[in-house]
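This report refers to the structure that appears directly beneath it.
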Amino acid sequence: MGKPITVRAPGKVNLYLAVGPTRADGFHDLATVFQAVSLYDDITATPNDGGITLSMSGLGEHLPVDDTNLAVRAAAALAREAGVDLTETGVDLHIHKRIPVAGGMAGGSADAAGTLIACDALWGTKLPNDRLLALAADLGSDVPFCLLGGTAVGYGRGENLTPLLARGTYTYLVATMLEGLSTPAVFKEFDSGQSGPVPPPEVAPTFLRALAQGDTQLVAYFGRNDLMSPALELHRGARHVMEFFCQHSLTVMISGSGPTLIAQVESVERGEGLAERLRNWPHVADAFVVTGPVTGVEFVPDRYAP
Ligand code: C5P
């Protein structure tokens, strides 16, 4: 049997997220700009002689490890697509989780993306990129971006991706909350706040220009997230933590559907000083600094080398 394979999959922030009307399939049309950041889940795939098992550590310790877990579903979907007979060849997955659960940073999606790449390598399925991306999109709207990484604009459910030229490095202060938020609940809250027809979503050209120029301050200035008000409406804790960011004159946003709060800071040092203080605030699970953009799923070389 082959050796275990470990990959790392990044979390993401949304620098821009415009929500459009609800579609016939219940999803919302989006125009969003994703950026992959330096916060990773590690996914290890170890060959076994049949079936899919999952164990988790770190922030994933209390998550379900049955086939409701997106990583298990990703392995099963790849096996089905590539004709792998799971009665003879299988995988023991282990995920070490650092990306917050239900935090709007694509934690579950990162695990699914990492599992696809790890199992593809383990089973030698060599699925072409377009089929891998289609599988990823079936698993969840953010899974294709976690494969790709970098900075990209996403349309449709967020799965129709185009990589963007984004100059510069971004440094973010991130505050994760003790309580997560359900993505469908936040979209529902968005819907209930609309009094008329919602226009088709688009990314403002001024925002794209700021990104291309590497003007990080203007990116923050023109940033937008239509899910911010609905998420904060549902999360009193995040509303309270926002005060901290405002007191320090930071342009705060939520990531994705929240409740994780993010703000650009001008240096890692300043960010870390603020993170230390934020960790003591009520409702905050953790606070730390990440940078972006980083690449998508990557192999971790020689993790198990003797
Ligand atoms: O695709 P994903 O599984 O991440 O979506 C979770 C839920 O979030 C969907 O079932 C839907 O309720 C909502 N959603 C949406 N529009 C999107 C993405 C997600 O309404 N573009």
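Residue names in the structure tokens use chain letters A, B, ... in the order shown, residue numbers from 1 in each chain, and ligand numbers from 1 in the order shown.
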
>> I'd like to know which residues of range 44-247 of chain A are strand (DSSP E or B) (by DSSP, run on the backbone); could you write them as a PyMOL selection string?
In response: chain A and resi 44-48+51-58+90-97+149+151-156+160-163+170-177+224-225

>> Quick one: residues within 12 Å of Gly271 in chain A, only C-alpha atoms, excluding same-chain residues fewer than 4 positions away - as a PyMOL selection string?
In response: chain A and resi 170-175+245+248+250+262-267+275-278+287-291

Output file for the residues above (N, CA and C atoms, as a PDB file, in the first residue's frame):
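So the final result, stored in result_0.pdb, reads:
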```pdb
ATOM      1  N   TYR A 170      -1.650  41.558   1.574  1.00  0.00           N
ATOM      2  CA  TYR A 170      -2.649  42.078   2.502  1.00  0.00           C
ATOM      3  C   TYR A 170      -2.446  41.428   3.868  1.00  0.00           C
ATOM      4  N   THR A 171      -2.540  42.235   4.897  1.00  0.00           N
ATOM      5  CA  THR A 171      -2.387  41.720   6.261  1.00  0.00           C
ATOM      6  C   THR A 171      -3.702  41.983   6.991  1.00  0.00           C
ATOM      7  N   TYR A 172      -4.264  40.918   7.560  1.00  0.00           N
ATOM      8  CA  TYR A 172      -5.576  41.041   8.195  1.00  0.00           C
ATOM      9  C   TYR A 172      -5.521  40.672   9.671  1.00  0.00           C
ATOM     10  N   LEU A 173      -6.235  41.442  10.454  1.00  0.00           N
ATOM     11  CA  LEU A 173      -6.557  41.040  11.818  1.00  0.00           C
ATOM     12  C   LEU A 173      -7.875  40.279  11.730  1.00  0.00           C
ATOM     13  N   VAL A 174      -7.907  39.084  12.305  1.00  0.00           N
ATOM     14  CA  VAL A 174      -9.096  38.225  12.222  1.00  0.00           C
ATOM     15  C   VAL A 174      -9.598  37.941  13.637  1.00  0.00           C
ATOM     16  N   ALA A 175     -10.891  38.107  13.855  1.00  0.00           N
ATOM     17  CA  ALA A 175     -11.489  37.727  15.145  1.00  0.00           C
ATOM     18  C   ALA A 175     -12.551  36.669  14.888  1.00  0.00           C
ATOM     19  N   PHE A 245     -12.956  47.093  16.835  1.00  0.00           N
ATOM     20  CA  PHE A 245     -12.345  47.502  15.564  1.00  0.00           C
ATOM     21  C   PHE A 245     -12.558  49.005  15.329  1.00  0.00           C
ATOM     22  N   HIS A 248     -10.362  51.325  17.181  1.00  0.00           N
ATOM     23  CA  HIS A 248      -8.987  51.397  16.666  1.00  0.00           C
ATOM     24  C   HIS A 248      -8.943  51.858  15.211  1.00  0.00           C
ATOM     25  N   LEU A 250     -10.276  50.843  12.496  1.00  0.00           N
ATOM     26  CA  LEU A 250     -10.064  49.831  11.460  1.00  0.00           C
ATOM     27  C   LEU A 250     -11.339  49.679  10.634  1.00  0.00           C
ATOM     28  N   ILE A 262     -13.015  40.706  10.059  1.00  0.00           N
ATOM     29  CA  ILE A 262     -11.663  40.925   9.524  1.00  0.00           C
ATOM     30  C   ILE A 262     -11.454  42.418   9.262  1.00  0.00           C
ATOM     31  N   ALA A 263     -10.208  42.831   9.376  1.00  0.00           N
ATOM     32  CA  ALA A 263      -9.855  44.203   8.995  1.00  0.00           C
ATOM     33  C   ALA A 263      -8.405  44.200   8.556  1.00  0.00           C
ATOM     34  N   GLN A 264      -8.126  44.978   7.530  1.00  0.00           N
ATOM     35  CA  GLN A 264      -6.725  45.134   7.147  1.00  0.00           C
ATOM     36  C   GLN A 264      -5.986  45.920   8.223  1.00  0.00           C
ATOM     37  N   VAL A 265      -4.733  45.520   8.481  1.00  0.00           N
ATOM     38  CA  VAL A 265      -3.872  46.302   9.377  1.00  0.00           C
ATOM     39  C   VAL A 265      -2.581  46.606   8.627  1.00  0.00           C
ATOM     40  N   GLU A 266      -1.894  47.684   9.042  1.00  0.00           N
ATOM     41  CA  GLU A 266      -0.746  48.109   8.229  1.00  0.00           C
ATOM     42  C   GLU A 266       0.508  47.275   8.467  1.00  0.00           C
ATOM     43  N   SER A 267       0.536  46.490   9.548  1.00  0.00           N
ATOM     44  CA  SER A 267       1.708  45.633   9.762  1.00  0.00           C
ATOM     45  C   SER A 267       1.316  44.429  10.617  1.00  0.00           C
ATOM     46  N   ALA A 275      -4.509  41.728  18.297  1.00  0.00           N
ATOM     47  CA  ALA A 275      -5.075  40.379  18.465  1.00  0.00           C
ATOM     48  C   ALA A 275      -4.969  39.944  19.921  1.00  0.00           C
ATOM     49  N   GLU A 276      -3.851  40.268  20.538  1.00  0.00           N
ATOM     50  CA  GLU A 276      -3.653  39.861  21.929  1.00  0.00           C
ATOM     51  C   GLU A 276      -4.744  40.449  22.828  1.00  0.00           C
ATOM     52  N   ARG A 277      -5.084  41.708  22.539  1.00  0.00           N
ATOM     53  CA  ARG A 277      -6.116  42.346  23.364  1.00  0.00           C
ATOM     54  C   ARG A 277      -7.517  41.816  23.026  1.00  0.00           C
ATOM     55  N   LEU A 278      -7.720  41.551  21.732  1.00  0.00           N
ATOM     56  CA  LEU A 278      -9.044  41.066  21.302  1.00  0.00           C
ATOM     57  C   LEU A 278      -9.396  39.718  21.915  1.00  0.00           C
ATOM     58  N   ALA A 287      -8.173  35.373  18.131  1.00  0.00           N
ATOM     59  CA  ALA A 287      -7.827  36.508  17.275  1.00  0.00           C
ATOM     60  C   ALA A 287      -6.394  36.314  16.837  1.00  0.00           C
ATOM     61  N   PHE A 288      -6.127  36.595  15.550  1.00  0.00           N
ATOM     62  CA  PHE A 288      -4.794  36.353  15.008  1.00  0.00           C
ATOM     63  C   PHE A 288      -4.620  37.155  13.724  1.00  0.00           C
ATOM     64  N   VAL A 289      -3.422  37.076  13.174  1.00  0.00           N
ATOM     65  CA  VAL A 289      -3.104  37.820  11.947  1.00  0.00           C
ATOM     66  C   VAL A 289      -2.860  36.816  10.820  1.00  0.00           C
ATOM     67  N   VAL A 290      -3.418  37.074   9.659  1.00  0.00           N
ATOM     68  CA  VAL A 290      -3.129  36.257   8.475  1.00  0.00           C
ATOM     69  C   VAL A 290      -2.741  37.198   7.336  1.00  0.00           C
ATOM     70  N   THR A 291      -2.095  36.622   6.327  1.00  0.00           N
ATOM     71  CA  THR A 291      -1.763  37.418   5.140  1.00  0.00           C
ATOM     72  C   THR A 291      -2.337  36.737   3.903  1.00  0.00           C
TER      73      THR A 291
END
```

>> Need the shell around range 99-101 of chain A: protein/DNA/RNA residues with any atom at most 8 Å away, counting only C-alpha atoms. Skip same-chain ones fewer than 2 positions apart. Format as a VMD selection string?
In response: chain A and resid 11 39 to 41 59 to 60 97 103 105 to 108 176 180

Output N, CA and C atoms of each residue in that selection to a file, as a PDB file, in the first residue's frame.
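Result went into out03.pdb, see below:
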```pdb
ATOM      1  N   GLY A  11      -7.932  28.808   4.086  1.00  0.00           N
ATOM      2  CA  GLY A  11      -9.212  29.474   4.264  1.00  0.00           C
ATOM      3  C   GLY A  11      -9.258  30.701   3.361  1.00  0.00           C
ATOM      4  N   LEU A  39      -4.132  30.691   6.562  1.00  0.00           N
ATOM      5  CA  LEU A  39      -4.693  29.918   7.678  1.00  0.00           C
ATOM      6  C   LEU A  39      -5.129  28.602   7.043  1.00  0.00           C
ATOM      7  N   TYR A  40      -4.542  27.492   7.501  1.00  0.00           N
ATOM      8  CA  TYR A  40      -4.683  26.239   6.747  1.00  0.00           C
ATOM      9  C   TYR A  40      -5.252  25.105   7.581  1.00  0.00           C
ATOM     10  N   ASP A  41      -6.045  24.257   6.926  1.00  0.00           N
ATOM     11  CA  ASP A  41      -6.358  22.934   7.463  1.00  0.00           C
ATOM     12  C   ASP A  41      -5.411  21.944   6.783  1.00  0.00           C
ATOM     13  N   LEU A  59      -9.523  22.395  15.786  1.00  0.00           N
ATOM     14  CA  LEU A  59     -10.883  22.955  15.901  1.00  0.00           C
ATOM     15  C   LEU A  59     -11.958  21.986  15.425  1.00  0.00           C
ATOM     16  N   GLY A  60     -11.536  20.866  14.802  1.00  0.00           N
ATOM     17  CA  GLY A  60     -12.527  19.923  14.256  1.00  0.00           C
ATOM     18  C   GLY A  60     -12.907  18.819  15.208  1.00  0.00           C
ATOM     19  N   LYS A  97      -7.665  20.832  11.945  1.00  0.00           N
ATOM     20  CA  LYS A  97      -8.426  22.030  11.602  1.00  0.00           C
ATOM     21  C   LYS A  97      -7.942  23.267  12.327  1.00  0.00           C
ATOM     22  N   GLY A 103     -17.656  29.879  10.228  1.00  0.00           N
ATOM     23  CA  GLY A 103     -17.149  31.230  10.457  1.00  0.00           C
ATOM     24  C   GLY A 103     -17.113  32.112   9.221  1.00  0.00           C
ATOM     25  N   MET A 105     -15.172  31.491   6.599  1.00  0.00           N
ATOM     26  CA  MET A 105     -13.836  31.438   5.985  1.00  0.00           C
ATOM     27  C   MET A 105     -13.629  30.157   5.177  1.00  0.00           C
ATOM     28  N   ALA A 106     -14.709  29.506   4.831  1.00  0.00           N
ATOM     29  CA  ALA A 106     -14.682  28.320   3.952  1.00  0.00           C
ATOM     30  C   ALA A 106     -13.965  27.125   4.572  1.00  0.00           C
ATOM     31  N   GLY A 107     -14.104  26.958   5.882  1.00  0.00           N
ATOM     32  CA  GLY A 107     -13.440  25.842   6.562  1.00  0.00           C
ATOM     33  C   GLY A 107     -13.837  24.483   5.989  1.00  0.00           C
ATOM     34  N   GLY A 108     -15.134  24.224   5.890  1.00  0.00           N
ATOM     35  CA  GLY A 108     -15.605  22.944   5.354  1.00  0.00           C
ATOM     36  C   GLY A 108     -15.214  22.785   3.890  1.00  0.00           C
ATOM     37  N   THR A 176     -12.353  35.465  15.440  1.00  0.00           N
ATOM     38  CA  THR A 176     -13.370  34.417  15.287  1.00  0.00           C
ATOM     39  C   THR A 176     -14.244  34.399  16.544  1.00  0.00           C
ATOM     40  N   GLY A 180     -20.923  30.160  15.919  1.00  0.00           N
ATOM     41  CA  GLY A 180     -20.896  30.313  14.460  1.00  0.00           C
ATOM     42  C   GLY A 180     -22.223  30.818  13.931  1.00  0.00           C
TER      43      GLY A 180
END
```

Sorted by chain and rising residue number, which residues of range 80-115 of chain A lie within 6 Å of range 128-150 of chain A, and what are their closest atom pairs and distances in Å to one decimal, counting only C-alpha atoms, as a tab-separated table?
```
residue	atom	partner	partner_atom	distance
A:Ser109	CA	A:Val143	CA	4.7
A:Ala110	CA	A:Cys146	CA	5.4
A:Ala113	CA	A:Leu147	CA	5.5
```

> Which one of A:Val203, A:Leu232, A:Leu274, A:Leu70 sits closest to ligand 1 if you count only C-alpha atoms and all ligand atoms?
Replying inline: A:Leu70

Rows by chain and residue number, chain A within 10 Å of ligand 1, shortest pair, only C-alpha atoms and all ligand atoms, as a Markdown table:
```
| residue | atom | partner | partner_atom_place_in_ligand_line | distance |
| --- | --- | --- | --- | --- |
| A:Val19 | CA | ligand 1 | 21 (N) | 7.8 |
| A:Gly20 | CA | ligand 1 | 21 (N) | 8.8 |
| A:Pro21 | CA | ligand 1 | 16 (N) | 9.3 |
| A:Thr22 | CA | ligand 1 | 20 (O) | 7.0 |
| A:Arg23 | CA | ligand 1 | 20 (O) | 8.4 |
| A:Asp25 | CA | ligand 1 | 20 (O) | 8.9 |
| A:Gly26 | CA | ligand 1 | 20 (O) | 6.1 |
| A:Phe27 | CA | ligand 1 | 20 (O) | 3.6 |
| A:His28 | CA | ligand 1 | 16 (N) | 3.7 |
| A:Asp29 | CA | ligand 1 | 21 (N) | 5.4 |
| A:Leu30 | CA | ligand 1 | 21 (N) | 5.6 |
| A:Ala31 | CA | ligand 1 | 21 (N) | 9.0 |
| A:Thr32 | CA | ligand 1 | 21 (N) | 9.6 |
| A:Leu70 | CA | ligand 1 | 3 (O) | 9.3 |
| A:Gly104 | CA | ligand 1 | 4 (O) | 9.6 |
| A:Ala106 | CA | ligand 1 | 4 (O) | 8.1 |
| A:Gly108 | CA | ligand 1 | 4 (O) | 8.7 |
| A:Ser109 | CA | ligand 1 | 4 (O) | 7.5 |
| A:Ala137 | CA | ligand 1 | 1 (O) | 7.8 |
| A:Asp138 | CA | ligand 1 | 1 (O) | 8.0 |
| A:Leu139 | CA | ligand 1 | 3 (O) | 6.8 |
| A:Gly140 | CA | ligand 1 | 1 (O) | 3.8 |
| A:Ser141 | CA | ligand 1 | 1 (O) | 3.7 |
| A:Asp142 | CA | ligand 1 | 4 (O) | 6.0 |
| A:Val143 | CA | ligand 1 | 4 (O) | 8.0 |
| A:Gly154 | CA | ligand 1 | 21 (N) | 9.7 |
| A:Tyr155 | CA | ligand 1 | 21 (N) | 8.5 |
| A:Gly156 | CA | ligand 1 | 21 (N) | 6.7 |
| A:Arg157 | CA | ligand 1 | 21 (N) | 3.5 |
| A:Gly158 | CA | ligand 1 | 21 (N) | 5.8 |
| A:Glu159 | CA | ligand 1 | 21 (N) | 8.4 |
| A:Ser182 | CA | ligand 1 | 8 (O) | 8.0 |
| A:Thr183 | CA | ligand 1 | 8 (O) | 4.8 |
| A:Pro184 | CA | ligand 1 | 12 (O) | 3.7 |
| A:Ala185 | CA | ligand 1 | 12 (O) | 7.3 |
| A:Val186 | CA | ligand 1 | 13 (C) | 8.1 |
| A:Phe187 | CA | ligand 1 | 20 (O) | 5.5 |
| A:Lys188 | CA | ligand 1 | 12 (O) | 7.5 |
| A:Phe190 | CA | ligand 1 | 20 (O) | 9.6 |
| A:Asp191 | CA | ligand 1 | 20 (O) | 9.5 |
| A:Gly256 | CA | ligand 1 | 18 (C) | 9.7 |
| A:Ser257 | CA | ligand 1 | 8 (O) | 8.7 |
```

For the residues in that selection, give me N, CA and C atoms as a short mmCIF file (atom, residue, chain, number, x, y, z; two decimals), in the first residue's frame.
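Writing the result to selection28.cif gives the following:
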```
data_model
loop_
_atom_site.label_atom_id
_atom_site.label_comp_id
_atom_site.auth_asym_id
_atom_site.auth_seq_id
_atom_site.Cartn_x
_atom_site.Cartn_y
_atom_site.Cartn_z
N VAL A 19 -24.73 40.51 -3.29
CA VAL A 19 -25.74 39.45 -3.40
C VAL A 19 -26.86 39.90 -4.32
N GLY A 20 -27.20 39.04 -5.26
CA GLY A 20 -28.29 39.35 -6.19
C GLY A 20 -29.55 38.60 -5.81
N PRO A 21 -30.44 38.45 -6.79
CA PRO A 21 -31.73 37.81 -6.51
C PRO A 21 -31.60 36.31 -6.24
N THR A 22 -32.62 35.76 -5.60
CA THR A 22 -32.68 34.30 -5.40
C THR A 22 -32.99 33.63 -6.74
N ARG A 23 -32.30 32.54 -7.01
CA ARG A 23 -32.50 31.84 -8.28
C ARG A 23 -33.55 30.73 -8.09
N ASP A 25 -33.09 27.67 -8.22
CA ASP A 25 -32.57 26.54 -7.42
C ASP A 25 -32.39 26.91 -5.94
N GLY A 26 -32.82 28.12 -5.56
CA GLY A 26 -32.75 28.52 -4.15
C GLY A 26 -31.47 29.23 -3.77
N PHE A 27 -30.44 29.15 -4.64
CA PHE A 27 -29.20 29.86 -4.37
C PHE A 27 -29.34 31.32 -4.81
N HIS A 28 -28.40 32.14 -4.36
CA HIS A 28 -28.39 33.55 -4.77
C HIS A 28 -27.26 33.77 -5.77
N ASP A 29 -27.53 34.59 -6.77
CA ASP A 29 -26.44 35.00 -7.66
C ASP A 29 -25.52 35.93 -6.89
N LEU A 30 -24.23 35.69 -7.03
CA LEU A 30 -23.25 36.50 -6.32
C LEU A 30 -22.27 37.14 -7.30
N ALA A 31 -21.68 38.24 -6.87
CA ALA A 31 -20.46 38.76 -7.50
C ALA A 31 -19.52 39.00 -6.33
N THR A 32 -18.50 38.16 -6.23
CA THR A 32 -17.68 38.21 -5.02
C THR A 32 -16.20 38.14 -5.37
N LEU A 70 -18.35 17.14 4.79
CA LEU A 70 -18.07 17.46 3.38
C LEU A 70 -16.80 16.75 2.87
N GLY A 104 -17.48 31.57 8.05
CA GLY A 104 -17.44 32.38 6.83
C GLY A 104 -16.07 32.41 6.18
N ALA A 106 -14.71 29.51 4.83
CA ALA A 106 -14.68 28.32 3.95
C ALA A 106 -13.96 27.13 4.57
N GLY A 108 -15.13 24.22 5.89
CA GLY A 108 -15.61 22.94 5.35
C GLY A 108 -15.21 22.78 3.89
N SER A 109 -15.28 23.89 3.15
CA SER A 109 -14.94 23.84 1.72
C SER A 109 -13.46 23.55 1.51
N ALA A 137 -17.54 22.10 -7.42
CA ALA A 137 -18.71 22.99 -7.42
C ALA A 137 -19.96 22.25 -6.93
N ASP A 138 -20.06 20.95 -7.27
CA ASP A 138 -21.21 20.17 -6.78
C ASP A 138 -21.18 20.05 -5.26
N LEU A 139 -19.98 20.01 -4.69
CA LEU A 139 -19.86 19.83 -3.24
C LEU A 139 -20.23 21.11 -2.48
N GLY A 140 -19.92 22.27 -3.03
CA GLY A 140 -20.24 23.53 -2.35
C GLY A 140 -19.72 24.71 -3.15
N SER A 141 -20.38 25.86 -2.97
CA SER A 141 -20.08 27.04 -3.79
C SER A 141 -18.63 27.51 -3.64
N ASP A 142 -18.02 27.33 -2.44
CA ASP A 142 -16.68 27.86 -2.20
C ASP A 142 -15.57 26.85 -2.47
N VAL A 143 -15.94 25.60 -2.76
CA VAL A 143 -14.91 24.55 -2.90
C VAL A 143 -13.98 24.83 -4.11
N GLY A 154 -15.69 35.62 -8.27
CA GLY A 154 -16.61 34.50 -8.45
C GLY A 154 -18.00 35.00 -8.77
N TYR A 155 -18.59 34.44 -9.82
CA TYR A 155 -19.98 34.75 -10.17
C TYR A 155 -20.82 33.49 -10.02
N GLY A 156 -22.09 33.60 -10.37
CA GLY A 156 -23.00 32.46 -10.17
C GLY A 156 -23.18 32.26 -8.68
N ARG A 157 -23.07 31.03 -8.23
CA ARG A 157 -23.12 30.75 -6.78
C ARG A 157 -21.82 31.18 -6.11
N GLY A 158 -20.85 31.58 -6.92
CA GLY A 158 -19.50 31.88 -6.44
C GLY A 158 -18.51 30.89 -7.04
N GLU A 159 -19.04 29.94 -7.82
CA GLU A 159 -18.20 28.85 -8.33
C GLU A 159 -17.63 29.15 -9.72
N SER A 182 -25.12 29.98 10.60
CA SER A 182 -25.47 29.10 9.49
C SER A 182 -25.59 29.94 8.22
N THR A 183 -24.89 29.54 7.16
CA THR A 183 -24.93 30.31 5.91
C THR A 183 -26.36 30.47 5.37
N PRO A 184 -27.16 29.37 5.29
CA PRO A 184 -28.53 29.56 4.80
C PRO A 184 -29.32 30.56 5.65
N ALA A 185 -29.09 30.57 6.96
CA ALA A 185 -29.84 31.50 7.84
C ALA A 185 -29.48 32.94 7.50
N VAL A 186 -28.21 33.19 7.18
CA VAL A 186 -27.79 34.57 6.86
C VAL A 186 -28.40 35.01 5.52
N PHE A 187 -28.40 34.10 4.54
CA PHE A 187 -29.02 34.45 3.25
C PHE A 187 -30.53 34.71 3.44
N LYS A 188 -31.16 33.92 4.32
CA LYS A 188 -32.60 34.10 4.57
C LYS A 188 -32.85 35.48 5.20
N PHE A 190 -30.96 38.06 4.81
CA PHE A 190 -30.76 39.02 3.70
C PHE A 190 -32.08 39.18 2.93
N ASP A 191 -32.69 38.03 2.56
CA ASP A 191 -33.94 38.07 1.78
C ASP A 191 -35.03 38.83 2.51
N GLY A 256 -17.29 36.35 4.25
CA GLY A 256 -18.38 35.51 3.74
C GLY A 256 -19.68 35.82 4.44
N SER A 257 -20.30 34.80 5.02
CA SER A 257 -21.55 35.02 5.73
C SER A 257 -21.33 35.20 7.23
#
```

> Tell me, which residues of range 150-284 of chain A carry DSSP helix (DSSP H, G or I), written as a ChimeraX atom specification?
Replying inline: /A:183-192,205-213,216-222,228-234,236-247,268-278

> With distances taken over only C-alpha atoms, which of A:Trp281, A:Trp123, A:Phe222, A:Phe207 is nearest to Ile5 in chain A?
Replying inline: A:Trp123

>> Counting only C-alpha atoms, which residue out of A:Ala152, A:Ile95, A:Leu165, A:Ala210 sits closest to Val13 in chain A?
In response: A:Ala152

> Do you have the CA of Ala118 in chain A-CA of Ile43 in chain A distance handy?
Replying inline: 7.5 Å

>> Report as a PyMOL selection string all protein, DNA and RNA residues lying within 10 Å of Glu298 in chain A, evaluated on only C-alpha atoms, omitting residues in the same chain fewer than 3 positions from it.
In response: chain A and resi 6-10+42+114+117-118+147-149+295+301

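Distances from A:Thr169, A:Gln247, A:Gln194, A:Ser255 to Ser38 in chain A were compared using only C-alpha atoms, and the smallest one belongs to A:Thr169.
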
> To one decimal place, how far is CA of Leu218 in chain A from CA of Ala285 in chain A in Å?
Replying inline: 29.3 Å

> Suppose you want the space between CA of Val297 in chain A and CA of Glu202 in chain A; what is it in Å?
Replying inline: 27.4 Å

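Each of A:Thr44, A:Val84, A:Leu54, A:Leu15 was compared to Thr251 in chain A using only C-alpha atoms, and A:Leu15 turns out to be the nearest.
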
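If you measure from each of A:Thr206, A:Gly258, A:Ala75, A:Thr89 to Leu116 in chain A using only C-alpha atoms, the closest one turns out to be A:Ala75.
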